[in-house]
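A.B. asks: I am sharing coords-v9.cif, which consists of mmCIF, C-alpha atoms and all ligand atoms:
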data_coords
#
loop_
_atom_site.label_atom_id
_atom_site.label_comp_id
_atom_site.auth_asym_id
_atom_site.auth_seq_id
_atom_site.Cartn_x
_atom_site.Cartn_y
_atom_site.Cartn_z
CA MET A 13 -16.90 -6.77 59.25
CA GLU A 14 -17.69 -6.38 62.88
CA ARG A 15 -21.22 -6.10 64.14
CA ILE A 16 -22.17 -3.18 66.30
CA PRO A 17 -25.66 -2.43 67.66
CA PRO A 18 -28.53 -2.74 65.16
CA VAL A 19 -30.03 0.25 63.45
CA ALA A 20 -32.95 1.38 65.58
CA ALA A 21 -36.38 2.15 64.22
CA SER A 22 -36.51 5.77 63.29
CA ASP A 23 -39.15 7.14 65.68
CA SER A 24 -36.77 9.92 66.63
CA TYR A 25 -36.82 11.38 63.11
CA PRO A 26 -40.52 11.86 62.39
CA SER A 27 -40.00 14.44 59.67
CA VAL A 28 -37.58 12.28 57.70
CA GLN A 29 -39.82 9.27 58.24
CA GLN A 30 -42.86 11.16 56.99
CA GLU A 31 -40.98 12.37 53.95
CA VAL A 32 -39.88 8.83 53.11
CA ALA A 33 -43.47 7.58 53.52
CA ARG A 34 -44.78 10.36 51.29
CA LEU A 35 -42.26 9.55 48.56
CA ALA A 36 -42.90 5.81 48.79
CA GLY A 37 -46.61 6.50 48.28
CA LEU A 38 -46.22 8.57 45.11
CA PRO A 39 -47.74 6.72 42.12
CA GLU A 40 -44.58 7.20 40.04
CA VAL A 41 -42.40 5.80 42.79
CA ARG A 42 -44.71 2.83 43.24
CA ALA A 43 -44.57 2.23 39.49
CA ALA A 44 -40.77 2.36 39.69
CA PHE A 45 -40.84 -0.20 42.49
CA ASP A 46 -42.97 -2.50 40.29
CA ARG A 47 -40.46 -2.16 37.48
CA PHE A 48 -37.68 -3.30 39.83
CA ARG A 49 -39.53 -6.61 39.89
CA SER A 50 -40.75 -6.86 36.30
CA GLN A 51 -37.39 -5.94 34.75
CA GLU A 52 -35.35 -8.40 36.79
CA SER A 53 -34.33 -10.46 33.75
CA GLN A 54 -32.79 -7.35 32.15
CA PHE A 55 -30.83 -6.56 35.34
CA ALA A 56 -29.48 -10.13 35.43
CA LEU A 57 -28.41 -9.82 31.78
CA TRP A 58 -26.56 -6.57 32.46
CA GLN A 59 -24.93 -8.11 35.49
CA MET A 60 -23.64 -11.10 33.50
CA GLU A 61 -22.58 -8.93 30.58
CA ALA A 62 -20.59 -6.59 32.84
CA THR A 63 -18.98 -9.49 34.69
CA ARG A 64 -17.85 -11.11 31.42
CA VAL A 65 -15.66 -8.08 30.66
CA ALA A 66 -12.41 -8.61 32.57
CA ALA A 67 -11.62 -5.80 35.03
CA PRO A 68 -8.45 -6.73 36.92
CA PRO A 69 -6.83 -4.11 39.17
CA PHE A 70 -5.40 -1.35 36.92
CA GLY A 71 -7.10 -2.95 33.90
CA GLU A 72 -10.68 -1.73 34.09
CA ALA A 73 -10.79 0.23 30.80
CA ALA A 74 -12.83 -2.29 28.78
CA ARG A 75 -15.47 -2.66 31.48
CA GLY A 76 -15.53 1.11 31.90
CA ALA A 77 -16.17 1.58 28.17
CA TRP A 78 -18.99 -0.99 28.34
CA LEU A 79 -20.52 0.89 31.27
CA ALA A 80 -20.24 4.29 29.55
CA ASP A 81 -22.21 2.84 26.61
CA ARG A 82 -24.96 1.61 28.97
CA PHE A 83 -25.07 5.03 30.65
CA ARG A 84 -25.59 6.66 27.23
CA ASP A 85 -28.23 4.07 26.26
CA LEU A 86 -30.13 4.91 29.45
CA GLY A 87 -30.20 8.61 28.64
CA LEU A 88 -27.73 9.82 31.25
CA VAL A 89 -26.03 13.04 30.20
CA ASP A 90 -22.43 14.31 30.45
CA VAL A 91 -21.20 10.71 30.19
CA GLN A 92 -17.44 10.77 30.56
CA VAL A 93 -14.45 8.69 31.58
CA ASP A 94 -11.84 10.51 33.63
CA GLU A 95 -8.06 10.07 33.41
CA VAL A 96 -7.95 7.16 35.88
CA GLY A 97 -10.90 5.33 34.27
CA ASN A 98 -13.85 6.34 36.46
CA VAL A 99 -17.09 6.49 34.45
CA PHE A 100 -19.63 9.25 35.14
CA GLY A 101 -23.19 9.81 33.97
CA VAL A 102 -25.59 12.48 35.19
CA ARG A 103 -29.34 12.62 35.59
CA PRO A 104 -29.99 16.35 35.86
CA GLY A 105 -31.90 18.01 38.67
CA TYR A 106 -32.29 21.56 39.86
CA GLY A 107 -29.69 21.97 42.59
CA ARG A 108 -25.97 22.56 42.28
CA ARG A 109 -24.77 19.65 44.40
CA PHE A 110 -25.13 15.98 43.60
CA VAL A 111 -26.35 12.79 45.19
CA ALA A 112 -23.76 10.24 44.02
CA LEU A 113 -24.55 6.58 43.44
CA SER A 114 -21.39 4.61 42.81
CA ALA A 115 -20.24 1.04 42.32
CA HIS A 116 -16.67 -0.11 41.88
CA ILE A 117 -16.08 -1.80 38.54
CA ASP A 118 -12.76 -3.52 39.33
CA THR A 119 -12.37 -7.11 40.52
CA VAL A 120 -9.67 -8.94 42.47
CA PHE A 121 -9.15 -11.37 39.59
CA PRO A 122 -6.09 -11.21 37.31
CA ALA A 123 -6.67 -10.65 33.59
CA THR A 124 -6.04 -14.33 32.84
CA THR A 125 -8.92 -15.58 35.03
CA PRO A 126 -11.49 -17.45 32.89
CA LEU A 127 -14.77 -15.53 33.22
CA HIS A 128 -17.26 -18.31 32.78
CA ILE A 129 -20.41 -16.50 33.93
CA ARG A 130 -23.61 -18.52 33.92
CA GLN A 131 -27.18 -18.51 35.18
CA GLN A 132 -29.10 -21.34 36.78
CA GLY A 133 -32.60 -20.37 37.83
CA SER A 134 -32.36 -17.26 39.99
CA ARG A 135 -28.65 -17.79 40.61
CA LEU A 136 -25.75 -16.27 38.72
CA TYR A 137 -22.30 -17.83 39.04
CA GLY A 138 -18.80 -16.64 38.22
CA PRO A 139 -15.90 -14.58 39.53
CA GLY A 140 -16.97 -11.02 40.33
CA VAL A 141 -20.67 -11.66 39.74
CA ALA A 142 -21.68 -10.28 43.16
CA ASP A 143 -18.63 -8.16 43.99
CA ASN A 144 -19.26 -6.01 42.20
CA GLY A 145 -21.41 -7.17 39.27
CA ALA A 146 -24.37 -6.75 41.61
CA GLY A 147 -23.41 -3.14 42.34
CA ILE A 148 -23.04 -2.32 38.65
CA ALA A 149 -26.41 -3.95 37.89
CA ALA A 150 -28.04 -1.96 40.72
CA MET A 151 -26.72 1.31 39.34
CA LEU A 152 -28.05 0.46 35.85
CA ALA A 153 -31.38 -0.73 37.29
CA VAL A 154 -31.90 2.57 39.12
CA ALA A 155 -30.88 4.62 36.08
CA SER A 156 -33.15 2.61 33.77
CA VAL A 157 -36.20 2.81 36.02
CA LEU A 158 -35.69 6.56 36.45
CA ALA A 159 -35.39 6.93 32.67
CA GLY A 160 -38.86 5.44 32.29
CA ALA A 161 -40.47 7.38 35.13
CA ARG A 162 -41.69 10.94 35.58
CA ILE A 163 -40.03 11.37 38.95
CA SER A 164 -38.63 14.82 39.53
CA HIS A 165 -35.85 15.29 42.03
CA ALA A 166 -34.19 18.48 43.20
CA LEU A 167 -30.53 17.57 43.49
CA PRO A 168 -29.11 15.97 40.36
CA PHE A 169 -27.84 12.38 40.50
CA VAL A 170 -24.38 11.37 39.38
CA PHE A 171 -23.81 7.69 38.66
CA ILE A 172 -20.18 6.64 39.02
CA GLY A 173 -18.56 3.37 38.02
CA ASN A 174 -15.26 3.79 39.79
CA VAL A 175 -11.98 1.91 39.39
CA GLY A 176 -9.50 0.67 41.96
CA GLU A 177 -11.51 -0.36 45.02
CA GLU A 178 -10.03 -3.80 45.54
CA GLY A 179 -6.68 -4.65 47.10
CA GLU A 180 -3.80 -2.81 45.56
CA GLY A 181 -6.17 -0.46 43.76
CA ASP A 182 -6.23 1.12 47.22
CA LEU A 183 -9.42 3.13 46.55
CA ARG A 184 -7.61 5.03 43.81
CA GLY A 185 -10.82 5.62 41.84
CA MET A 186 -12.74 7.18 44.71
CA ARG A 187 -9.61 8.98 45.89
CA HIS A 188 -9.41 10.59 42.45
CA VAL A 189 -13.08 11.58 42.44
CA PHE A 190 -12.61 13.40 45.75
CA ALA A 191 -9.33 14.94 44.61
CA THR A 192 -11.03 16.48 41.55
CA PRO A 193 -12.18 20.01 42.44
CA GLY A 194 -15.29 19.78 40.25
CA TRP A 195 -16.53 16.71 42.14
CA ARG A 196 -15.01 17.10 45.60
CA ASP A 197 -17.25 19.98 46.56
CA ALA A 198 -20.19 19.08 44.35
CA ILE A 199 -20.99 15.68 45.86
CA ALA A 200 -23.25 16.25 48.85
CA TYR A 201 -23.97 12.58 49.61
CA SER A 202 -22.29 9.36 48.51
CA LEU A 203 -24.25 6.15 48.30
CA ILE A 204 -21.87 3.31 47.51
CA VAL A 205 -23.19 -0.04 46.33
CA ASP A 206 -20.85 -2.93 46.97
CA GLY A 207 -21.86 -6.59 46.78
CA ALA A 208 -25.15 -8.29 47.56
CA GLY A 209 -27.68 -7.94 50.39
CA ALA A 210 -29.80 -5.28 52.04
CA ASP A 211 -29.04 -5.96 55.69
CA THR A 212 -26.05 -3.71 56.31
CA VAL A 213 -25.09 -0.06 56.38
CA VAL A 214 -21.34 0.54 56.37
CA ALA A 215 -21.03 3.89 58.10
CA GLU A 216 -17.65 3.38 59.73
CA ALA A 217 -14.52 3.21 57.67
CA LEU A 218 -12.03 0.57 58.73
CA GLY A 219 -8.54 1.94 58.20
CA SER A 220 -5.72 -0.15 56.83
CA ARG A 221 -2.10 0.20 55.89
CA ARG A 222 -0.24 -2.28 53.74
CA PHE A 223 3.44 -2.78 53.15
CA GLU A 224 5.76 -4.68 50.91
CA VAL A 225 8.90 -5.45 52.91
CA ILE A 226 11.94 -6.31 50.80
CA LEU A 227 15.29 -7.61 52.05
CA ARG A 228 18.27 -7.75 49.71
CA GLY A 229 21.67 -9.33 50.17
CA PRO A 230 24.70 -10.36 48.12
CA GLY A 231 23.35 -13.87 47.46
CA GLY A 232 25.69 -16.63 46.37
CA HIS A 233 26.34 -20.34 46.28
CA SER A 234 25.01 -22.23 49.27
CA TRP A 235 28.35 -24.00 49.75
CA SER A 236 31.11 -21.74 48.50
CA ASP A 237 29.56 -18.45 49.65
CA PHE A 238 28.29 -19.76 52.97
CA GLY A 239 28.40 -16.97 55.49
CA ALA A 240 26.67 -14.34 53.39
CA PRO A 241 23.58 -12.96 55.15
CA ASN A 242 20.41 -14.75 54.06
CA PRO A 243 17.34 -12.55 53.35
CA ILE A 244 14.91 -15.46 53.79
CA ILE A 245 16.25 -16.25 57.24
CA ALA A 246 16.12 -12.58 58.26
CA LEU A 247 12.58 -12.24 56.87
CA SER A 248 11.50 -15.31 58.84
CA ARG A 249 12.92 -13.78 62.02
CA ALA A 250 11.11 -10.52 61.29
CA ILE A 251 7.81 -12.40 60.88
CA GLU A 252 8.45 -14.35 64.08
CA GLY A 253 9.18 -11.14 66.02
CA PHE A 254 6.39 -9.00 64.56
CA SER A 255 3.71 -11.67 64.92
CA GLN A 256 4.14 -11.58 68.69
CA THR A 257 2.96 -7.96 68.86
CA PRO A 258 -0.10 -7.80 71.13
CA VAL A 259 -3.25 -6.25 69.62
CA PRO A 260 -6.31 -4.99 71.48
CA ALA A 261 -9.77 -6.52 71.00
CA THR A 262 -11.16 -2.99 71.26
CA PRO A 263 -10.58 -1.06 69.08
CA LYS A 264 -10.40 -4.17 66.94
CA THR A 265 -6.97 -4.35 65.39
CA THR A 266 -5.53 -7.05 63.13
CA PHE A 267 -2.41 -7.91 61.18
CA ASN A 268 -1.66 -10.39 58.43
CA VAL A 269 1.36 -11.55 56.48
CA GLY A 270 -0.37 -12.53 53.27
CA VAL A 271 2.39 -13.18 50.74
CA ILE A 272 6.04 -14.16 51.03
CA ARG A 273 8.43 -14.48 48.15
CA GLY A 274 12.13 -15.08 47.76
CA GLY A 275 14.95 -17.21 46.48
CA THR A 276 15.67 -18.97 43.22
CA SER A 277 16.94 -22.48 44.01
CA VAL A 278 17.70 -24.77 46.90
CA ASN A 279 21.46 -24.36 46.55
CA SER A 280 21.51 -20.58 46.20
CA ILE A 281 21.70 -18.07 49.00
CA PRO A 282 18.82 -15.80 47.98
CA GLU A 283 19.53 -12.29 46.76
CA SER A 284 16.16 -11.11 48.00
CA ALA A 285 13.07 -12.02 49.96
CA SER A 286 9.88 -10.07 50.45
CA MET A 287 6.57 -10.16 52.25
CA ARG A 288 3.29 -8.30 52.10
CA VAL A 289 1.76 -7.19 55.37
CA ASP A 290 -1.73 -5.88 56.05
CA LEU A 291 -2.50 -3.85 59.22
CA ARG A 292 -6.07 -2.90 60.08
CA SER A 293 -7.90 -1.05 62.79
CA THR A 294 -10.73 1.36 63.36
CA SER A 295 -8.14 3.45 65.19
CA MET A 296 -5.33 5.17 63.32
CA VAL A 297 -3.34 5.15 66.59
CA GLU A 298 -3.30 1.34 66.61
CA ILE A 299 -2.26 1.22 62.97
CA ASP A 300 0.63 3.56 63.73
CA ARG A 301 1.62 1.36 66.68
CA LEU A 302 1.59 -1.78 64.52
CA GLU A 303 3.66 -0.09 61.83
CA HIS A 304 6.21 0.87 64.47
CA ALA A 305 6.31 -2.73 65.75
CA LEU A 306 6.79 -4.03 62.19
CA ARG A 307 9.71 -1.71 61.53
CA LEU A 308 11.27 -2.57 64.91
CA ALA A 309 11.00 -6.34 64.31
CA LEU A 310 12.48 -5.90 60.86
CA GLY A 311 15.42 -3.86 62.16
CA GLN A 312 16.16 -6.42 64.86
CA ALA A 313 15.89 -9.36 62.44
CA VAL A 314 18.26 -7.75 59.93
CA ALA A 315 20.74 -6.89 62.70
CA ALA A 316 20.63 -10.46 64.01
CA GLU A 317 21.26 -11.94 60.55
CA ASP A 318 24.09 -9.46 59.88
CA ARG A 319 25.69 -10.45 63.20
CA ALA A 320 25.30 -14.15 62.39
CA ALA A 321 26.79 -13.58 58.96
CA ALA A 322 29.76 -11.80 60.49
CA GLN A 323 30.42 -14.81 62.72
CA ARG A 324 30.08 -17.31 59.83
CA ALA A 325 31.99 -15.37 57.25
CA ILE A 326 35.44 -16.40 56.14
CA ARG A 327 35.76 -13.27 54.00
CA LYS A 328 34.72 -9.72 54.85
CA PRO A 329 31.17 -9.85 56.24
CA GLN A 330 28.35 -8.50 54.11
CA VAL A 331 25.08 -6.94 55.22
CA LEU A 332 21.42 -6.93 54.21
CA GLN A 333 19.52 -3.93 52.89
CA SER A 334 15.91 -3.54 53.87
CA GLU A 335 13.19 -1.54 52.21
CA VAL A 336 9.63 -0.95 53.39
CA VAL A 337 7.27 0.20 50.65
CA GLU A 338 3.78 1.35 51.52
CA ILE A 339 1.43 -0.35 49.03
CA GLY A 340 -1.85 0.64 50.62
CA ASN A 341 -3.23 3.26 52.94
CA ARG A 342 -6.95 3.50 53.56
CA PRO A 343 -7.93 6.22 55.98
CA ALA A 344 -10.29 5.49 58.87
CA GLY A 345 -13.36 7.63 59.58
CA GLU A 346 -17.00 7.44 60.53
CA LEU A 347 -20.34 9.01 59.76
CA ALA A 348 -21.52 11.40 62.47
CA LYS A 349 -24.33 9.91 64.56
CA ASP A 350 -26.63 12.80 63.58
CA ALA A 351 -25.75 12.73 59.86
CA ARG A 352 -28.74 13.23 57.56
CA LEU A 353 -27.73 10.24 55.47
CA LEU A 354 -27.93 7.94 58.50
CA LYS A 355 -31.39 9.28 59.39
CA VAL A 356 -32.54 8.77 55.82
CA ILE A 357 -31.33 5.18 55.44
CA ARG A 358 -32.86 4.29 58.83
CA ALA A 359 -36.17 5.82 57.79
CA VAL A 360 -36.03 4.02 54.43
CA ASP A 361 -35.38 0.70 56.17
CA ALA A 362 -38.28 1.33 58.55
CA GLN A 363 -40.52 2.18 55.58
CA LEU A 364 -39.55 -0.99 53.72
CA GLY A 365 -39.75 -3.19 56.82
CA ASN A 366 -36.07 -3.95 56.40
CA THR A 367 -33.65 -4.69 59.24
CA ALA A 368 -30.07 -3.56 58.80
CA GLN A 369 -27.02 -3.29 61.00
CA VAL A 370 -24.45 -0.57 61.00
CA GLN A 371 -21.04 -2.04 60.27
CA ARG A 372 -17.48 -0.98 59.93
CA ALA A 373 -15.59 -2.10 56.88
CA SER A 374 -13.08 -0.91 54.35
CA THR A 375 -14.93 0.34 51.27
CA ASP A 376 -14.96 3.24 48.84
CA ALA A 377 -16.79 5.12 51.63
CA ASN A 378 -13.46 5.44 53.48
CA ILE A 379 -12.48 8.32 51.23
CA PRO A 380 -15.51 10.64 51.67
CA LEU A 381 -15.85 9.60 55.34
CA SER A 382 -12.23 10.45 56.04
CA LEU A 383 -12.91 13.90 54.53
CA GLY A 384 -15.89 14.40 56.85
CA ARG A 385 -18.41 13.88 54.03
CA GLU A 386 -21.66 11.96 54.32
CA ALA A 387 -21.24 8.51 52.79
CA ILE A 388 -22.43 4.97 53.35
CA ALA A 389 -21.86 1.66 51.60
CA ILE A 390 -24.80 -0.69 51.21
CA GLY A 391 -25.59 -3.85 49.26
CA ALA A 392 -27.33 -4.25 45.92
CA GLY A 393 -30.08 -6.54 47.25
CA GLY A 394 -30.41 -10.26 46.54
CA SER A 395 -27.89 -12.50 48.21
CA GLY A 396 -24.43 -13.69 47.41
CA GLY A 397 -21.42 -15.63 48.55
CA GLY A 398 -17.93 -16.80 47.67
CA ALA A 399 -16.68 -13.25 47.11
CA HIS A 400 -13.09 -13.14 45.80
CA THR A 401 -13.25 -16.83 44.76
CA LEU A 402 -13.95 -18.55 41.46
CA GLN A 403 -17.09 -20.03 43.08
CA GLU A 404 -18.70 -16.61 43.59
CA TRP A 405 -22.49 -16.52 43.22
CA PHE A 406 -25.40 -14.08 43.35
CA ASP A 407 -29.05 -14.93 43.88
CA CYS A 408 -31.40 -12.42 42.23
CA HIS A 409 -34.24 -13.33 44.58
CA GLY A 410 -34.95 -10.25 46.69
CA ARG A 411 -32.90 -7.91 44.52
CA ASP A 412 -35.89 -5.56 44.31
CA LEU A 413 -35.71 -4.82 48.05
CA GLY A 414 -32.13 -3.58 47.67
CA LEU A 415 -33.08 -1.50 44.63
CA LYS A 416 -36.08 0.09 46.36
CA ARG A 417 -33.83 0.92 49.27
CA ILE A 418 -31.31 2.63 46.99
CA LEU A 419 -33.90 4.59 44.99
CA LEU A 420 -35.88 5.76 48.01
CA THR A 421 -32.68 6.87 49.76
CA MET A 422 -31.56 8.83 46.68
CA LEU A 423 -34.95 10.49 46.23
CA THR A 424 -35.17 11.45 49.89
CA LEU A 425 -31.64 12.88 49.93
CA SER A 426 -32.33 14.79 46.75
CA GLY A 427 -35.63 16.25 47.85
CA ALA A 428 -37.98 14.73 45.32
CA GLY A 429 -41.44 15.29 43.96
CA GLU A 430 -41.63 18.78 45.41
ZN ZN B 501 -16.53 -4.89 46.41
#
Translate this file's structure into structure tokens.
C.D. replies:
Amino acid sequence: MERIPPVAASDSYPSVQQEVARLAGLPEVRAAFDRFRSQESQFALWQMEATRVAAPPFGEAARGAWLADRFRDLGLVDVQVDEVGNVFGVRPGYGRRFVALSAHIDTVFPATTPLHIRQQGSRLYGPGVADNGAGIAAMLAVASVLAGARISHALPFVFIGNVGEEGEGDLRGMRHVFATPGWRDAIAYSLIVDGAGADTVVAEALGSRRFEVILRGPGGHSWSDFGAPNPIIALSRAIEGFSQTPVPATPKTTFNVGVIRGGTSVNSIPESASMRVDLRSTSMVEIDRLEHALRLALGQAVAAEDRAAAQRAIRKPQVLQSEVVEIGNRPAGELAKDARLLKVIRAVDAQLGNTAQVQRASTDANIPLSLGREAIAIGAGGSGGGAHTLQEWFDCHGRDLGLKRILLTMLTLSGAGE
């Protein structure tokens, strides 16, 4: 995440600020805020329970079923799981469009990862406990406090536990929500809860494109077939060439070769070699330029290895085949500076005495933002660290600030207590 100027106090939006202050002063809202504190132990239990159900990429069904049961327990209506595994629950209102509160339910961890989730004091430990156990807990906390309150809101709320945010999931859950006619046009605002904290507003979607590059050759014995083109050598040349591509500091643009694979034994000419490449930028133009550079470096590396093979070969020279498979494509986009959602979250932060910075990142918000919809990603409160490692932790202290921030934003967007 890259820091850009802090969110200013919201003096320029007096009407939104007054509305937020009015809502925050309602007795029912204040009672809800108190419950965010008094029910903390329940939220921590839900968070640990959710995190103990494995949810690897493309394997979120069990956690989704668990979440659907909690949605029903909390009195949400129209609880359903769609064909990709997204879980929906509705709290009815009076309008036709929805304020969506979503949290991704998938993790980066493979199904075999031991999920030893434990609590020590205010801290929870274990893989996925903050990213996105905290988001799931926040969604349940808001739904449960609303279930026990007499807070009326105009626009209905839809709670969504979506699949496929991490890595190769490639935002497939959110992509599907916004490809479904019933939801695409019905969701007016998307509030996405991802990870811990209350000090950020992701309103700019960092774009990325990911590739698996595969080189294939005839392979053979290292001694008797010497001369055959070697995919590992060609892949190494491609990495060497591509990694010299200059990238601008602004717009920030990055590349990574994250995985390489290939070969079977030390005395075999490999039949294949592959790598996974990640390209990122806030500018789609830069991503296109990097993709072009990658393909160029690959073409040159393959040609060089084919030429070398032709010189070495005793028999008829053989050539390499290359394949570039796109394994990820997250569109870039940003929230308009005058978007209502941005005014509301700024006013909510001012009301709660919270300081937050607008950031750019790659989150579920990329999908609605790339479609020109109002969306932000924020944290679930508390604090956390070690995301995507087995040492991940979440500290519940200060969770209530994040929850108040979410609830007040939803109520303001919805038009509440009218
Ligand atoms: Zn996450």
A.B. asks: Can you build me a table of chain A residues sitting at most 8 Å from ligand ZN 501 (chain B), with the closest atom pair per residue and its distance in Å to one decimal, using only C-alpha atoms and all ligand atoms, sorted by chain and residue number, as CSV?
C.D. replies:
residue,atom,partner,partner_atom,distance
A:His116,CA,B:ZN501,ZN,6.6
A:Thr119,CA,B:ZN501,ZN,7.5
A:Asp143,CA,B:ZN501,ZN,4.6
A:Asn144,CA,B:ZN501,ZN,5.1
A:Glu177,CA,B:ZN501,ZN,6.9
A:Glu178,CA,B:ZN501,ZN,6.6
A:Asp206,CA,B:ZN501,ZN,4.8
A:Gly207,CA,B:ZN501,ZN,5.6
A:Thr375,CA,B:ZN501,ZN,7.3
A.B. asks: A:Glu40, A:Gly340, A:Gly311, A:Leu203: which is nearest Asp182 (chain A), counting all atoms listed in the file?
C.D. replies: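 Among the listed residues, the smallest separation from Asp182 (chain A) belongs to A:Gly340.
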A.B. asks: Separation of CA of Gly76 (chain A) and CA of Pro104 (chain A), in Å?
C.D. replies: 21.4 Å
A.B. asks: How many Å separate CA of Pro69 (chain A) from CA of Gly181 (chain A)?
C.D. replies: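 It comes out at 5.9 Å.
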A.B. asks: Nearest to Leu127 (chain A) among A:Gly101, A:Pro168, A:Gly160, A:Pro68, with distances taken over all atoms listed in the file: which residue is it?
C.D. replies: A:Pro68
A.B. asks: Between A:Asn98, A:Ser280, A:Asn378, A:Gln403, which residue has the minimum interatomic distance to Gly185 (chain A), considering only C-alpha atoms?
C.D. replies: A:Asn98
A.B. asks: So which residues touch region 412-423 of chain A within 9 Å, counting all atoms listed in the file, skipping near sequence neighbours fewer than 3 positions away, as a ChimeraX atom specification?
C.D. replies: /A:32,35-36,41,44-49,52,111-113,150-151,153-154,158,163-167,169,201,203,205,208-211,353,356-357,359-361,364,366,390-394,408-409,426-429
A.B. asks: Filtering to C-alpha atoms, could you give me those residues as a short mmCIF file (atom, residue, chain, number, x, y, z; two decimals), in the coordinates of the input?
C.D. replies:
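What follows is the written file again_32.cif:
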data_model
loop_
_atom_site.label_atom_id
_atom_site.label_comp_id
_atom_site.auth_asym_id
_atom_site.auth_seq_id
_atom_site.Cartn_x
_atom_site.Cartn_y
_atom_site.Cartn_z
CA VAL A 32 -39.88 8.83 53.11
CA LEU A 35 -42.26 9.55 48.56
CA ALA A 36 -42.90 5.81 48.79
CA VAL A 41 -42.40 5.80 42.79
CA ALA A 44 -40.77 2.36 39.69
CA PHE A 45 -40.84 -0.20 42.49
CA ASP A 46 -42.97 -2.50 40.29
CA ARG A 47 -40.46 -2.16 37.48
CA PHE A 48 -37.68 -3.30 39.83
CA ARG A 49 -39.53 -6.61 39.89
CA GLU A 52 -35.35 -8.40 36.79
CA VAL A 111 -26.35 12.79 45.19
CA ALA A 112 -23.76 10.24 44.02
CA LEU A 113 -24.55 6.58 43.44
CA ALA A 150 -28.04 -1.96 40.72
CA MET A 151 -26.72 1.31 39.34
CA ALA A 153 -31.38 -0.73 37.29
CA VAL A 154 -31.90 2.57 39.12
CA LEU A 158 -35.69 6.56 36.45
CA ILE A 163 -40.03 11.37 38.95
CA SER A 164 -38.63 14.82 39.53
CA HIS A 165 -35.85 15.29 42.03
CA ALA A 166 -34.19 18.48 43.20
CA LEU A 167 -30.53 17.57 43.49
CA PHE A 169 -27.84 12.38 40.50
CA TYR A 201 -23.97 12.58 49.61
CA LEU A 203 -24.25 6.15 48.30
CA VAL A 205 -23.19 -0.04 46.33
CA ALA A 208 -25.15 -8.29 47.56
CA GLY A 209 -27.68 -7.94 50.39
CA ALA A 210 -29.80 -5.28 52.04
CA ASP A 211 -29.04 -5.96 55.69
CA LEU A 353 -27.73 10.24 55.47
CA VAL A 356 -32.54 8.77 55.82
CA ILE A 357 -31.33 5.18 55.44
CA ALA A 359 -36.17 5.82 57.79
CA VAL A 360 -36.03 4.02 54.43
CA ASP A 361 -35.38 0.70 56.17
CA LEU A 364 -39.55 -0.99 53.72
CA ASN A 366 -36.07 -3.95 56.40
CA ILE A 390 -24.80 -0.69 51.21
CA GLY A 391 -25.59 -3.85 49.26
CA ALA A 392 -27.33 -4.25 45.92
CA GLY A 393 -30.08 -6.54 47.25
CA GLY A 394 -30.41 -10.26 46.54
CA CYS A 408 -31.40 -12.42 42.23
CA HIS A 409 -34.24 -13.33 44.58
CA SER A 426 -32.33 14.79 46.75
CA GLY A 427 -35.63 16.25 47.85
CA ALA A 428 -37.98 14.73 45.32
CA GLY A 429 -41.44 15.29 43.96
#
A.B. asks: Need to verify the contact set: region 77-94 of chain A, 12 Å, only C-alpha atoms, exclusion of same-chain residues closer than 6 positions in sequence. Can you return it as an MDAnalysis selection string?
C.D. replies: chainID A and resid 55 58:59 61:67 71 100:105 115:117 145 148:149 151:160 168:175 185:186 188:189 192 194:195
A.B. asks: Pick from A:Ala399, A:Ala389, A:Val213, A:Val331: nearest to Val370 (chain A), with all atoms listed in the file counted?
C.D. replies: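 When distances to Val370 (chain A) are compared using all atoms listed in the file, the smallest one comes from A:Val213.
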A.B. asks: If we count all atoms listed in the file and set the cut-off at 7 Å, which residues sit around Ala377 (chain A), ignoring sequence neighbours fewer than 6 positions away in its own chain? Please answer as a PyMOL selection string.
C.D. replies: chain A and resi 204+217+387-389
A.B. asks: Using 10 Å as the limit and counting all atoms listed in the file, can you tabulate each residue of region 175-233 of chain A that touches region 262-268 of chain A, with its shortest atom-to-atom distance in Å and the two atoms involved, as a tab-separated table?
C.D. replies:
residue	atom	partner	partner_atom	distance
A:Leu218	CA	A:Lys264	CA	9.6
A:Gly219	CA	A:Thr265	CA	9.7
A:Ser220	CA	A:Thr266	CA	9.3
A:Arg221	CA	A:Phe267	CA	9.7
A:Arg222	CA	A:Asn268	CA	9.5
A.B. asks: Would you pick out the contacts of region 292-307 of chain A at 12 Å or less, using all atoms listed in the file, so that residues sharing its chain but fewer than 5 positions from it are not included, and give the list as number ranges by chain?
C.D. replies: A: 13-14, 215-226, 247, 249-269, 287, 312-314, 334-338, 340-346, 371-374, 378, 382
A.B. asks: Could you state the separation of CA of Arg42 (chain A) and CA of Gln54 (chain A) in Å, given to one decimal place?
C.D. replies: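 Distance between the two atoms: 19.2 Å.
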